[in-house]
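K.L.:
Dropping the structure in here first, questions after.
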Amino acid sequence: MTDELGGLARPEVSVEDAARVVRERWGVEGDVVELGSNQDRNFRIGAGHVLKVANAVTDLTELEAQNASMDVLDGAGLRAPQPVESVDGRTVEPVEIGGVTLHARLLTYVEGTPLMDVESFGDAEARMLGETAGRIVAALAGFEHEGTTRTTQWDLRAAPDVVRALLHHVPESLRARVANASLDSVARVAAVSPALPRQVIHGDVTDDNLVLDEQGSVGVIDLGDLMVSWRVAELAVALTGVLANGCDDPLTSLETVRAYAEQVPLEHAEVVALWPLVVLRCAVLVTSAAELTAIDEGNDYAAERTSREWRAFRLATSIDPDEMAVLVAATVAGVRPRPFSLGRMLPEGVRPRVVDLSVLSPSLDAGRWLEPDAEQAVLAAQGAPVSTRWAEHRLTQARPLAARGSAKTLALGVDVVVPEGTLLHVPFEGERVRIDGGFELRGDALTLVVRGDVEDGDGLGLASGHLRVQLHRTEAPRAPFLVSPRAHALWRALSPDPSALLGVDVAAPQPDPDDVLARRDAAYAPVQEHYYAAPPQVERGWRELMVDTQAQVYVDVVNNVATTGHAHPHLVEAATRQWSLLNTNSRFHYAAVAELSERLAALAPDGLDSVFLVNSGSEAVDLAIRLAQTATGRPRMLAAREAYHGWTLASDAVSTSLGDNPRALESRPDWVELIDAPNSVRGTHRGADAAAGYLADLDVQLDALGEEGRAQLAGVVIEPIFGNGGGVLLPDGYLAGVFERVRALGGVCISDEVQVSYGRLGEHFWGFEQQGAVPDVITVAKAMGNGQPLGAVITTREIAEAFAAEGSFFSSSGGSPVSSRIGLAVLDVLESERLQENAREVGGHFRERLLALADLHPAIGAVHGMGLYLGVELVSDRETFAPATQLAADVCDLLLEEGAIVQPTGDHKNVLKIKPPLVITRESVDYVVDALDRVLSMLG
Ligand code: PMP
């Protein structure tokens, strides 16, 4: 395959060889610098020349054809390299290098910066690619040369063969995607290929083969792929360059299409074939890159490009090809919306009520949006006349476990239910034509399509029941009824607002996440960060799923607060009921505070029977520290490095995770004594004996404190699992050892259970149980309220009573009736839905699958944790365990596109935290792990 199609490892040519060749054959001298190439060897020679040494399989006539085409481009005013004659008067010189005869050419150097290196690639650059591709196609239209008729792997006519032959080099996680996308595209192209015009094309008009000089004039380099092929392939390749180059929106490529079409009109077959050819080009690039990496491991140039090429593939396949065909056709047609006037279609007496099917719809709570007949049910509940909204992102069309942007949620028309025999008026002048399942009214500017039960009669006919109504611009291609939301503005322009037809405003409010983000940034102190640079606006949750305003669904993998899942009906009911009865403070006497305290005390180890109710983890830790200090009468607290315990003055004082505060270590108050972070994976002591090592160090530290007279401890505050490290289990025996030493010095032991309690570990309800240690004080929050501000401190009666020395303790809404009822409801659901068991089973499966991924991807250095408290540590080197911080950020961004919300943690922000709601299903876990597999393969 490779031999036939000419893709091969590069010839062996050193910088010294290059210098010798140009000196001997061209009499040219200069500094020699190697330039990148997939299959040849290119060298910059001094300021003015480039030496190109072709792959041994390249035919002489091909090189001659390239040289001839340079003349043609030059003649058309495009800056292109020009061949330089050798001392023997040849423009292609046979040279002997390493015992092989290779063809060398010296070309003039085309000044300029590659478009690829332009800092922010945007619409202007996208247009430039399109315009240049069009100018090249126009210039080469009449060009013929025998050296252009070869078959190469870059000729898109050969793409199906190339992809089929090279597919096995692609990582398994992505193979089916590449195969399916290619097969679909091949079929689409085949349907129109006989009608595709052919000619000589450059074949590689991409951002790295166009250069811009200081005057902004475009130069074209690298004619190595010159060939006869489909003309539209020139544009398809240019579009791939746009997708590879940092624009996150595949629609930017429409600018390229527009600019190209101004130079060379696109024929219908070309419009149809264009996007499938883009997909095929991407498939050829990723399969070829995979092959090249396999046969030429040292080719860093190829390795670097791989992630760019996957990016192009991902973007090209992120949009439905049918939708893209309509958008390309609309772009090429240059649709300029004409003004129109629209009368009523429904009679005066029929004014539909308007129902809400958006993400905020009150009719779709409690997961009702997932039921297949949800839309019908909402319409039926209202009765006729009723209408849905236009340009609404329908929650009813949302699809869990799918890539972001893939669900076709945007409705470009409306569903209207009318009373039996409703006379439809003619809303504008046009021709009424019967179509399958309804009729069309074709006017000059607009075409109205109505599907449903309409009998011919007066006006547009007599309608009954459910109608589907959509307007189209007559001169433009037809938009489907439901589309994916990415091109929403374009879609709305193609299918205008039908409100006037119905006599009521049916336009849905348009979500604008960017505007909301700008308002947030302006009014909400920015130190309160948000996930992601361009976050989706998430307005609904259900179980482990989150839904954004465009009704795109994500698996929530980070939300350990939502123990019972989002929007749990039992919690909704408990909160609503208690709000409607009473919400006040715990100085009043009501049952909920007693019930919740009893339940918590019963869950804690014997002897820990006194409960304080507060509003957050920070408050709980703050209070626990004060309890230790008042119970002992001493100030000094031990705390582990790199941990996070909260934001209040005391909880912040014992927090030193650098991710939260990079200067934490410089600013500890003197009552805080830090001990080493007990990380048995990347810390001071690793492996099986780590506990002994850390405890021996602690002994030394405590002895030194004793010598300084500072060993008078109030206690220790510590997480029973190293949360900030990404869920790293403490070395066996460590926590019991620490507690023993602290107690020996009269101190109080606080286990900060804010992250890991409530059954999250699967095997254990509390984190300290995993360590076989029992604390004197437990702090708990997060999971306890499932998002309601609710925290608790559970301790012994003795420690609790000692606190009376500080006066009374009161927190205005700690233990309020509403909070307490929610706290009880969470415990009810935890029990009735056996969520701890789910954490054990589904969490165990999650861990197994992640461990299997680690075998495939060297970037996974370790999988931490247990149950549904896991961490995937990404490293750039498994030996040194060097953190792969950038990779972790890129993985999280791509996972969002795959429909999974995952964030990094740790002092190096290189550990993916896996702590989903405890209701997560095996199916969702599999979806997330498969997505992670693909993403790691794409990022290489
Ligand atoms: N302790 C630990 C271990 C935590 O992870 C956190 C929060 N991330 C806190 C305490 C503070 O909790 P809150 O944000 O509810 O104040």
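Ordering of the structure tokens sets the chain letters (A, B, ...); residue numbers start at 1 within each chain; ligands are numbered from 1 in the order shown.
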Please run DSSP on the backbone and report, as a ChimeraX atom specification, all residues within range 469-628 of chain A that come out as strand (DSSP E or B).
P.N.:
/A:469-473,482-483,507,538-543,545-548,553-556,566,610-614
K.L.:
Go ahead and write the selection's residues with C-alpha atoms as a compact mmCIF listing (two decimals), in the first residue's frame.
P.N.:
```txt
# COMPACT_ATOMS: atom_id res chain seq x y z
CA VAL A 469 -45.21 24.44 10.88
CA GLN A 470 -41.98 25.79 9.45
CA LEU A 471 -41.02 28.75 7.29
CA HIS A 472 -38.15 28.67 4.78
CA ARG A 473 -36.58 31.30 2.59
CA LEU A 482 -34.61 20.00 14.27
CA VAL A 483 -30.93 20.91 14.01
CA ALA A 507 -40.11 33.09 19.69
CA VAL A 538 -25.63 24.64 32.94
CA GLU A 539 -29.16 25.22 34.23
CA ARG A 540 -30.51 21.74 34.94
CA GLY A 541 -29.31 18.52 36.50
CA TRP A 542 -30.78 15.06 36.78
CA ARG A 543 -29.08 12.20 38.59
CA LEU A 545 -26.33 14.37 34.31
CA MET A 546 -26.10 18.12 33.74
CA VAL A 547 -27.82 19.99 30.94
CA ASP A 548 -26.81 23.31 29.39
CA VAL A 553 -26.02 16.85 28.26
CA TYR A 554 -22.86 16.12 30.24
CA VAL A 555 -21.98 13.40 32.71
CA ASP A 556 -21.04 15.16 35.93
CA HIS A 566 -29.12 16.31 40.90
CA SER A 610 -22.51 15.03 70.27
CA VAL A 611 -23.40 16.83 67.07
CA PHE A 612 -22.98 20.47 66.02
CA LEU A 613 -24.85 21.56 62.89
CA VAL A 614 -23.28 24.28 60.72
```
K.L.:
List as an mmCIF file with N, CA and C atoms, in the first residue's frame the protein and nucleic acid residues lying within 9 Å of ligand 1, with only C-alpha atoms and all ligand atoms counted.
P.N.:
```cif
data_model
loop_
_atom_site.group_PDB
_atom_site.id
_atom_site.type_symbol
_atom_site.label_atom_id
_atom_site.label_comp_id
_atom_site.auth_asym_id
_atom_site.auth_seq_id
_atom_site.Cartn_x
_atom_site.Cartn_y
_atom_site.Cartn_z
ATOM 1 N N VAL A 561 -20.612 16.727 45.798
ATOM 2 C CA VAL A 561 -21.603 17.307 46.705
ATOM 3 C C VAL A 561 -22.974 16.675 46.448
ATOM 4 N N ASN A 615 -23.012 25.215 58.481
ATOM 5 C CA ASN A 615 -23.456 25.435 57.097
ATOM 6 C C ASN A 615 -22.478 25.017 56.010
ATOM 7 N N SER A 616 -21.273 24.613 56.381
ATOM 8 C CA SER A 616 -20.295 24.294 55.336
ATOM 9 C C SER A 616 -19.151 23.494 55.933
ATOM 10 N N GLY A 617 -18.315 22.988 55.032
ATOM 11 C CA GLY A 617 -17.128 22.272 55.464
ATOM 12 C C GLY A 617 -16.156 23.194 56.175
ATOM 13 N N SER A 618 -16.015 24.397 55.649
ATOM 14 C CA SER A 618 -15.085 25.349 56.280
ATOM 15 C C SER A 618 -15.492 25.629 57.714
ATOM 16 N N GLU A 619 -16.791 25.849 57.898
ATOM 17 C CA GLU A 619 -17.275 26.121 59.253
ATOM 18 C C GLU A 619 -17.048 24.923 60.170
ATOM 19 N N ALA A 620 -17.276 23.724 59.602
ATOM 20 C CA ALA A 620 -17.122 22.518 60.419
ATOM 21 C C ALA A 620 -15.666 22.379 60.858
ATOM 22 N N VAL A 621 -14.713 22.589 59.928
ATOM 23 C CA VAL A 621 -13.296 22.459 60.273
ATOM 24 C C VAL A 621 -12.900 23.551 61.264
ATOM 25 N N ALA A 643 -2.893 19.929 51.741
ATOM 26 C CA ALA A 643 -4.318 19.607 51.923
ATOM 27 C C ALA A 643 -5.148 20.882 51.845
ATOM 28 N N TYR A 644 -6.437 20.713 51.607
ATOM 29 C CA TYR A 644 -7.370 21.837 51.656
ATOM 30 C C TYR A 644 -8.430 21.531 52.698
ATOM 31 N N HIS A 645 -8.678 22.505 53.596
ATOM 32 C CA HIS A 645 -9.691 22.280 54.632
ATOM 33 C C HIS A 645 -10.745 23.383 54.700
ATOM 34 N N GLY A 646 -10.599 24.439 53.877
ATOM 35 C CA GLY A 646 -11.645 25.465 53.930
ATOM 36 C C GLY A 646 -11.094 26.863 53.781
ATOM 37 N N TRP A 647 -12.005 27.829 53.797
ATOM 38 C CA TRP A 647 -11.592 29.209 53.519
ATOM 39 C C TRP A 647 -11.658 30.124 54.732
ATOM 40 N N THR A 648 -12.321 29.711 55.820
ATOM 41 C CA THR A 648 -12.410 30.600 56.984
ATOM 42 C C THR A 648 -11.024 30.723 57.606
ATOM 43 N N SER A 651 -9.708 27.413 59.171
ATOM 44 C CA SER A 651 -9.596 26.287 58.238
ATOM 45 C C SER A 651 -8.596 26.618 57.126
ATOM 46 N N SER A 655 -4.677 24.972 55.681
ATOM 47 C CA SER A 655 -4.735 24.554 54.271
ATOM 48 C C SER A 655 -3.496 25.022 53.516
ATOM 49 N N ILE A 718 -6.688 16.302 59.728
ATOM 50 C CA ILE A 718 -6.164 15.588 58.564
ATOM 51 C C ILE A 718 -7.297 14.893 57.818
ATOM 52 N N GLU A 719 -7.120 14.794 56.509
ATOM 53 C CA GLU A 719 -8.078 14.014 55.711
ATOM 54 C C GLU A 719 -7.674 12.550 55.744
ATOM 55 N N ILE A 721 -8.114 10.436 53.499
ATOM 56 C CA ILE A 721 -7.616 10.093 52.157
ATOM 57 C C ILE A 721 -7.100 11.394 51.607
ATOM 58 N N PHE A 722 -6.008 11.332 50.869
ATOM 59 C CA PHE A 722 -5.367 12.564 50.454
ATOM 60 C C PHE A 722 -6.125 13.175 49.275
ATOM 61 N N GLY A 723 -7.089 14.045 49.610
ATOM 62 C CA GLY A 723 -8.012 14.563 48.600
ATOM 63 C C GLY A 723 -7.338 15.402 47.540
ATOM 64 N N ASN A 724 -6.519 16.352 47.975
ATOM 65 C CA ASN A 724 -5.892 17.250 47.015
ATOM 66 C C ASN A 724 -4.913 16.505 46.101
ATOM 67 N N ASP A 752 -11.050 15.016 58.837
ATOM 68 C CA ASP A 752 -11.841 15.871 57.940
ATOM 69 C C ASP A 752 -12.473 14.984 56.870
ATOM 70 N N GLU A 753 -13.764 14.727 57.070
ATOM 71 C CA GLU A 753 -14.502 13.792 56.217
ATOM 72 C C GLU A 753 -15.359 14.515 55.181
ATOM 73 N N VAL A 754 -15.033 15.807 54.968
ATOM 74 C CA VAL A 754 -15.877 16.616 54.082
ATOM 75 C C VAL A 754 -15.958 16.020 52.669
ATOM 76 N N GLN A 755 -14.846 15.439 52.198
ATOM 77 C CA GLN A 755 -14.843 14.880 50.835
ATOM 78 C C GLN A 755 -15.285 13.423 50.783
ATOM 79 N N VAL A 756 -14.813 12.631 51.722
ATOM 80 C CA VAL A 756 -14.787 11.187 51.459
ATOM 81 C C VAL A 756 -15.783 10.339 52.258
ATOM 82 N N THR A 779 -15.418 15.987 60.962
ATOM 83 C CA THR A 779 -16.062 17.110 60.260
ATOM 84 C C THR A 779 -16.671 16.571 58.981
ATOM 85 N N VAL A 780 -17.901 16.997 58.702
ATOM 86 C CA VAL A 780 -18.592 16.501 57.516
ATOM 87 C C VAL A 780 -19.421 17.648 56.931
ATOM 88 N N ALA A 781 -19.562 17.652 55.602
ATOM 89 C CA ALA A 781 -20.379 18.690 54.938
ATOM 90 C C ALA A 781 -20.773 18.167 53.566
ATOM 91 N N LYS A 782 -20.447 18.934 52.523
ATOM 92 C CA LYS A 782 -20.737 18.553 51.130
ATOM 93 C C LYS A 782 -21.875 17.546 50.961
ATOM 94 N N PRO A 789 -26.512 24.184 51.906
ATOM 95 C CA PRO A 789 -25.441 24.497 52.851
ATOM 96 C C PRO A 789 -25.688 23.787 54.185
ATOM 97 N N LEU A 790 -24.889 22.791 54.445
ATOM 98 C CA LEU A 790 -25.129 21.950 55.627
ATOM 99 C C LEU A 790 -23.820 21.263 55.993
ATOM 100 N N GLY A 791 -23.422 21.397 57.242
ATOM 101 C CA GLY A 791 -22.213 20.735 57.707
ATOM 102 C C GLY A 791 -22.410 20.303 59.149
#
```
K.L.:
Between A:Val793, A:Ala380, A:Leu410, A:Ala195, which residue has the minimum interatomic distance to Ala601 in chain A, considering only C-alpha atoms?
P.N.:
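Smallest separation from Ala601 in chain A among the options: A:Val793.
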K.L.:
Gly134 in chain A: which residues within 7 Å, counting only C-alpha atoms, same-chain residues fewer than 5 positions away excluded, as a list in words?
P.N.:
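In the requested form, the answer reads Tyr260, Gln263 and Val264 of chain A.
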K.L.:
Pick out the residues sitting within 7 Å of range 757-767 of chain A, and hand them over as a compact mmCIF listing (two decimals) with all heavy atoms, in the first residue's frame; count only C-alpha atoms, and ignore anything fewer than 6 positions along from it in its own chain.
P.N.:
```txt
# COMPACT_ATOMS: atom_id res chain seq x y z
N PRO A 720 -8.63 11.64 55.83
CA PRO A 720 -8.28 10.22 55.90
C PRO A 720 -7.87 9.65 54.55
O PRO A 720 -7.39 8.52 54.47
CB PRO A 720 -9.57 9.57 56.39
CG PRO A 720 -10.65 10.49 55.95
CD PRO A 720 -10.07 11.87 55.97
N ILE A 721 -8.11 10.44 53.50
CA ILE A 721 -7.62 10.09 52.16
C ILE A 721 -7.10 11.39 51.61
O ILE A 721 -7.69 12.45 51.86
CB ILE A 721 -8.74 9.52 51.28
CG1 ILE A 721 -9.08 8.13 51.80
CG2 ILE A 721 -8.35 9.49 49.81
CD1 ILE A 721 -9.97 7.33 50.93
N ALA A 783 -21.52 16.25 50.97
CA ALA A 783 -22.49 15.18 50.70
C ALA A 783 -23.71 15.26 51.60
O ALA A 783 -24.82 14.89 51.21
CB ALA A 783 -21.82 13.83 50.91
N GLN A 836 -24.19 3.52 48.88
CA GLN A 836 -22.83 3.09 49.25
C GLN A 836 -22.46 1.84 48.46
O GLN A 836 -21.34 1.69 47.98
CB GLN A 836 -22.76 2.82 50.75
CG GLN A 836 -21.34 2.47 51.19
CD GLN A 836 -21.20 2.37 52.70
OE1 GLN A 836 -21.96 2.98 53.45
NE2 GLN A 836 -20.21 1.60 53.16
N GLU A 837 -23.45 0.96 48.31
CA GLU A 837 -23.21 -0.25 47.54
C GLU A 837 -22.91 0.09 46.07
O GLU A 837 -22.05 -0.51 45.44
CB GLU A 837 -24.47 -1.12 47.60
CG GLU A 837 -24.19 -2.57 47.58
CD GLU A 837 -25.42 -3.32 48.07
OE1 GLU A 837 -25.84 -3.05 49.22
OE2 GLU A 837 -25.96 -4.11 47.29
N ALA A 839 -21.57 2.81 45.09
CA ALA A 839 -20.20 3.35 45.05
C ALA A 839 -19.20 2.21 44.99
O ALA A 839 -18.19 2.28 44.29
CB ALA A 839 -19.95 4.24 46.27
N ARG A 840 -19.49 1.13 45.74
CA ARG A 840 -18.56 0.01 45.74
C ARG A 840 -18.53 -0.69 44.37
O ARG A 840 -17.49 -0.89 43.78
CB ARG A 840 -18.92 -0.99 46.84
CG ARG A 840 -17.83 -2.04 47.02
CD ARG A 840 -18.06 -2.96 48.18
NE ARG A 840 -19.23 -3.78 47.96
CZ ARG A 840 -20.26 -3.87 48.79
NH1 ARG A 840 -20.27 -3.18 49.91
NH2 ARG A 840 -21.28 -4.64 48.51
N MET A 866 -10.56 4.80 45.80
CA MET A 866 -11.45 3.64 45.83
C MET A 866 -12.90 4.11 45.77
O MET A 866 -13.18 5.29 45.94
CB MET A 866 -11.20 2.80 47.08
CG MET A 866 -11.52 3.51 48.38
SD MET A 866 -10.97 2.56 49.82
CE MET A 866 -12.02 1.13 49.72
N GLY A 867 -13.79 3.16 45.50
CA GLY A 867 -15.21 3.51 45.41
C GLY A 867 -15.40 4.57 44.35
O GLY A 867 -14.84 4.48 43.25
N LEU A 868 -16.18 5.59 44.67
CA LEU A 868 -16.37 6.68 43.71
C LEU A 868 -15.57 7.91 44.13
O LEU A 868 -16.01 9.05 43.99
CB LEU A 868 -17.85 6.99 43.55
CG LEU A 868 -18.59 5.94 42.69
CD1 LEU A 868 -20.09 6.13 42.75
CD2 LEU A 868 -18.10 5.96 41.24
N TYR A 869 -14.38 7.65 44.65
CA TYR A 869 -13.43 8.72 44.96
C TYR A 869 -12.12 8.31 44.33
O TYR A 869 -11.27 7.66 44.97
CB TYR A 869 -13.30 8.92 46.46
CG TYR A 869 -12.67 10.23 46.81
CD1 TYR A 869 -13.37 11.41 46.61
CD2 TYR A 869 -11.39 10.31 47.32
CE1 TYR A 869 -12.81 12.64 46.91
CE2 TYR A 869 -10.81 11.52 47.63
CZ TYR A 869 -11.53 12.69 47.41
OH TYR A 869 -10.96 13.90 47.71
N LEU A 918 -23.20 9.71 43.68
CA LEU A 918 -23.14 8.26 43.99
C LEU A 918 -24.16 7.44 43.21
O LEU A 918 -24.13 6.22 43.25
CB LEU A 918 -23.35 8.03 45.49
CG LEU A 918 -22.31 8.65 46.41
CD1 LEU A 918 -22.54 8.19 47.86
CD2 LEU A 918 -20.90 8.32 45.97
```
K.L.:
Skipping near chain neighbours, those fewer than 6 positions away, what residues fall within 12 Å of Ala500 in chain A using only C-alpha atoms, listed as a compact mmCIF listing (two decimals) with C-alpha atoms, in the first residue's frame?
P.N.:
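In the end it all went to selection.txt:
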```
# COMPACT_ATOMS: atom_id res chain seq x y z
CA PHE A 340 -41.25 39.75 3.70
CA SER A 341 -44.63 40.40 5.18
CA LEU A 342 -46.51 37.68 6.89
CA GLY A 343 -50.22 37.59 7.72
CA ARG A 344 -52.12 35.27 10.04
CA MET A 345 -52.67 31.65 9.20
CA LEU A 346 -54.77 30.79 12.26
CA PRO A 347 -58.19 32.44 12.50
CA GLU A 348 -58.71 35.30 14.96
CA ARG A 351 -54.95 31.92 19.88
CA TRP A 390 -39.73 28.77 17.68
CA PRO A 427 -50.76 34.35 5.15
CA PHE A 428 -48.94 35.53 2.00
CA LEU A 471 -41.02 28.75 7.29
CA VAL A 506 -43.79 32.05 19.89
CA ALA A 507 -40.11 33.09 19.69
```
K.L.:
Show me, as number ranges by chain, the residues that have an atom within 8 Å of Thr563 in chain A when counting only C-alpha atoms, minus same-chain residues fewer than 3 positions from it.
P.N.:
A: 559-560, 783-784, 786, 826, 916-919
K.L.:
Skip range 216-224 of chain A itself and residues of its chain fewer than 3 positions away, then list as an MDAnalysis selection string all residues within 10 Å of it, counting only C-alpha atoms.
P.N.:
chainID A and resid 37 39:40 52 54 58 62:63 65:67 69:70 73:74 77:82 109:115 128:129 132:133 136 201:206 208:213 227
K.L.:
Rank nothing, just name the residue among A:Val872, A:Val593, A:Leu695, A:Val717 nearest to Gly815 in chain A, using only C-alpha atoms.
P.N.:
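The shortest atom-to-atom distance to Gly815 in chain A comes from A:Val593.
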K.L.:
Which of these residues is nearest to Leu856 in chain A, using only C-alpha atoms: A:Leu285, A:Leu936, A:Val332, A:Ala269?
P.N.:
A:Leu936
K.L.:
Select, from A:Ser173, A:Ser318, A:Thr388, A:Gln629, the residue with the minimum atom-to-atom distance to Asp930 in chain A, counting only C-alpha atoms.
P.N.:
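Under the stated criterion, the closest residue is A:Ser173.
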K.L.:
What does the distance between CA of Leu596 in chain A and CA of Arg821 in chain A come to in Å, to one decimal place?
P.N.:
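Between these atoms lies a distance of 7.7 Å.
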K.L.:
What separation in Å, quoted to one decimal, exists between CA of Glu144 in chain A and CA of Pro194 in chain A?
P.N.:
20.6 Å
K.L.:
Identify, with DSSP run on backbone atoms, the residues in range 576-770 of chain A assigned to alpha helix (DSSP H), and express the list as number ranges by chain.
P.N.:
A: 576-581, 591-603, 617-632, 649-653, 690-707, 734-744
K.L.:
Report, in Å to a single decimal, how far apart CA of Gln770 in chain A and CA of Leu730 in chain A are.
P.N.:
9.1 Å
